[in-house]
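All remarks here apply to the structure that follows.
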Amino acid sequence: MADILKISTPLIDNSKTTVQPGKQVDPTQQFNLSEIDRVVQTNQQSEILKQHTGLLEQESPAILMNMLKDPSVTVSFLRNIYMLQEIIQLLPVNNSTLTQEIQQLFDSLLVDPKDVVSELIRQEQTSTAFKGELFDFLRNLLSQSPKPEMSYGIANLLKSINGSLSRRNILDSVSNSFLFLAGNLKSSPKLAARLMTLSNLFRSDDAPNQFAALKGDALAVMKEIENSILFSPKIAKVLPLITYNLSRFNDNPDYLQDAASSLLTMIDGDRQKQTLMDLLYGFLTGSRLQPQSSRVMDVLADIINKQTAANMEGEEGEVEIMAGKKIPMEEFRLLSSEKIDKIVSSLLSSPCNYTPLLHFIVPVQDMDMKSFAEIWIDPNDEGETKRGGDSAENIHMLIVFDVDGIGRFEAELFVRQQDISLTLLCPPMYVSAFSGIATNIARSANGTGFRFKDIQIDRLERPRSLMDVFKALPRKRTGINMRV
C-alpha cells in the first residue's frame, strides 16, 4: 500500500488572507468567501428583518410595516375625512340643495353615543368570515386528530369555501382593473375599447360560465399592453394584480363538493359526518343572505369611491353624491387626492398578516362635540404571556380617541381573566382634570364580572405607534424566534 504523505503545516499564502494593519475596508465592497476572517460591515437590524418580511422596496409590504411605526395612522384618517368635508363646503356650488345632500353624506358617518355598541357589534361580525359553529367544529376536529392529512383536508375545505363565496368579488375586481386600464390608455382608442368590453364581460352575470374564454382574452390583451409603447410603471403594477385574481378563481363547479367529500372520508362516525354536512349547508345558506354591514364602513367606502372616480385621469362629466344628486367632476376633483391616498393607506393598516389585530372605527357626535376613535385589540397577547399564564387568557387593547377642542387620548388595557389594568394618557393640560375619575371608572365595572386591578392616569407625552404598543407585531413577521 502506498505511503500517505503527512503534512503537518498547511500551505497558506498569508499575503492573500491577512488584512494589513491600518488598512481601511470599503463598506460597499462585496463579501469575499476567501476572506472569512474579517467582517466587512455590520448589518443594521432593519436590514436583517428584510429577509424575513420581504420589505425590499417601498411597495405594499413596506408601506404596511412602516404604518405600524407611524403614530399618525391611528385616528388621523378620520380627521382627513372631515378636512375633505370642510373643502367641499367651500366648493363653488350654487345649488343649496346639492350642498345639503353632500353634508348629509358626511353627517351619516357620525354615530350617536347610544348606537356605539351596535356599531361595534356590526364591525366585529364582518371582521372575518371564518367564525361560527362550522369553524368551531373544524377546530375541534383538528385538535382531536392532529394529523397532516386532516390538516390538509380542513385547509382544502376552507379554501373551497372561500373560493365559492368570493367568486363574484374576484370577477368584479378583475372588471375594475380593466376599467382602470381603459381610463389610462385612452390615447389608444382601439385598445381602450377592448379593455372596456372586457370590463363589462367580467361584470356580467354569465361571467362565471364563460370564465375560461374570458381568461384567455384577458391574458392576450395584457400581453398586448406589455408590448405597447403606452406601457408604463403605473400600468405595470396593475397587470400582476389581474393575473393574481385570475389565478384565484376556480371554475370547477364541483370543487367544494370534492373537498367536503374528501374530508368526510377522514372522519370517524356517522354522527360527526352528518354534523359537518349540516353545519356546512347552514353556513353556505346563511352566507348568501345579505349581512348587516357597518354603517361607518359603508359611508367611508362611499366617500372614497366617489372621490376616486372624480380623480381618475381624463374623466369628465358628473359624480353622483346622493341618489339623484350630482356634482361636476371638475369641482369635485378639487378635493386633494393626496388626502384620499392617506385615508386609503390608513385603512390598509386594518387587520391583515402585518397587523393581526381586531380593528374598530368609531366616529361619534354627542350634541355639538365630535370624537374620532379607533380601537385595536390583540386577543392573544404574547407580551403578557411572559408575565405568566396562557396567551389565550391575555387581551391587550389600545383605544385612541381625539375629542374636538380637547385633544388626543390613549387608553391601554390589559385584560387577564377577570382582572383589568388600565392606563389612560391625557393631553398634558387636562391631566389634573381627569385624574379624579379613576374611582368612577372602577365603579363602572360593577356587576359585569370584571374588576379593575389598577388604574393609572398620566400625561400623553407623544403619540405612540402600533409597534410601540403591541411589541409582538414585529416578532410575528420575522420568522423563527428561538434560542438554541
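Residue numbers start at 1 in each chain; chains themselves are named A, B, ... in the order of the C-alpha cells; ligands are numbered from 1 in the order shown.
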Among segment 80-210 of chain A, which ones does DSSP assign to helix (DSSP H, G or I) (computed from the backbone)? Answer as a ChimeraX atom specification. /A:80-89,96-107,113-125,133-144,148-165,167-184,189-203
Give me the residues within 9 Å of Ala259 of chain A as a tab-separated table (two decimals) with N, CA and C atoms, in the first residue's frame, counting only C-alpha atoms and dropping any in the same chain fewer than 5 places off.
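Written file, result-v4.tsv:
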```tsv
chain	number	residue	atom	x	y	z
A	153	GLY	N	-56.89	18.35	4.69
A	153	GLY	CA	-58.29	18.23	4.30
A	153	GLY	C	-59.11	19.43	4.75
A	154	ILE	N	-58.87	19.89	5.99
A	154	ILE	CA	-59.60	21.05	6.50
A	154	ILE	C	-59.19	22.31	5.75
A	156	ASN	N	-58.08	22.51	2.73
A	156	ASN	CA	-58.64	22.44	1.38
A	156	ASN	C	-60.13	22.79	1.38
A	157	LEU	N	-60.85	22.36	2.44
A	157	LEU	CA	-62.26	22.72	2.54
A	157	LEU	C	-62.42	24.22	2.75
A	158	LEU	N	-61.59	24.81	3.62
A	158	LEU	CA	-61.67	26.26	3.84
A	158	LEU	C	-61.36	27.02	2.56
A	159	LYS	N	-60.38	26.54	1.81
A	159	LYS	CA	-60.03	27.18	0.54
A	159	LYS	C	-61.21	27.12	-0.43
A	160	SER	N	-61.88	25.98	-0.47
A	160	SER	CA	-63.01	25.84	-1.39
A	160	SER	C	-64.19	26.70	-0.96
A	254	ASP	N	-67.50	21.59	-9.06
A	254	ASP	CA	-67.53	20.51	-8.08
A	254	ASP	C	-66.42	20.61	-7.05
A	264	LEU	N	-64.79	14.16	4.58
A	264	LEU	CA	-65.70	13.20	5.21
A	264	LEU	C	-65.07	11.82	5.34
```
Using only C-alpha atoms, which protein or nucleic acid residues come within 12 Å of Tyr281 of chain A? Drop anything in the same chain fewer than 5 positions from it, and give the result as a list in words.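 Final neighbour list, sorted by chain and number: Glu133, Leu134, Ile161, Leu256, Gln257, Ala260, Gln274, Thr275, Leu276, Gly286, Ser287 and Arg288 of chain A.
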Selection near Arg167 of chain A, 10 Å with only C-alpha atoms, sequence-local residues under 5 positions removed, as an MDAnalysis selection string: chainID A and resid 162 172 208 248:251
From the options A:Trp376, A:Phe360, A:Tyr255, A:Phe231, which residue's atoms come nearest to Leu181 of chain A, counting only C-alpha atoms? A:Phe231
Which is closer to Gly282 of chain A than all the others in A:Leu425, A:Gly132, A:Tyr244, A:Ala301, using only C-alpha atoms?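 Answer, going by the shortest atom-to-atom distance: A:Gly132.
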Which one is closest to Ser118 of chain A: A:Ser175, A:Asn252, A:Ser293, A:Thr243? Count only C-alpha atoms.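 The closest residue to Ser118 of chain A is A:Ser293.
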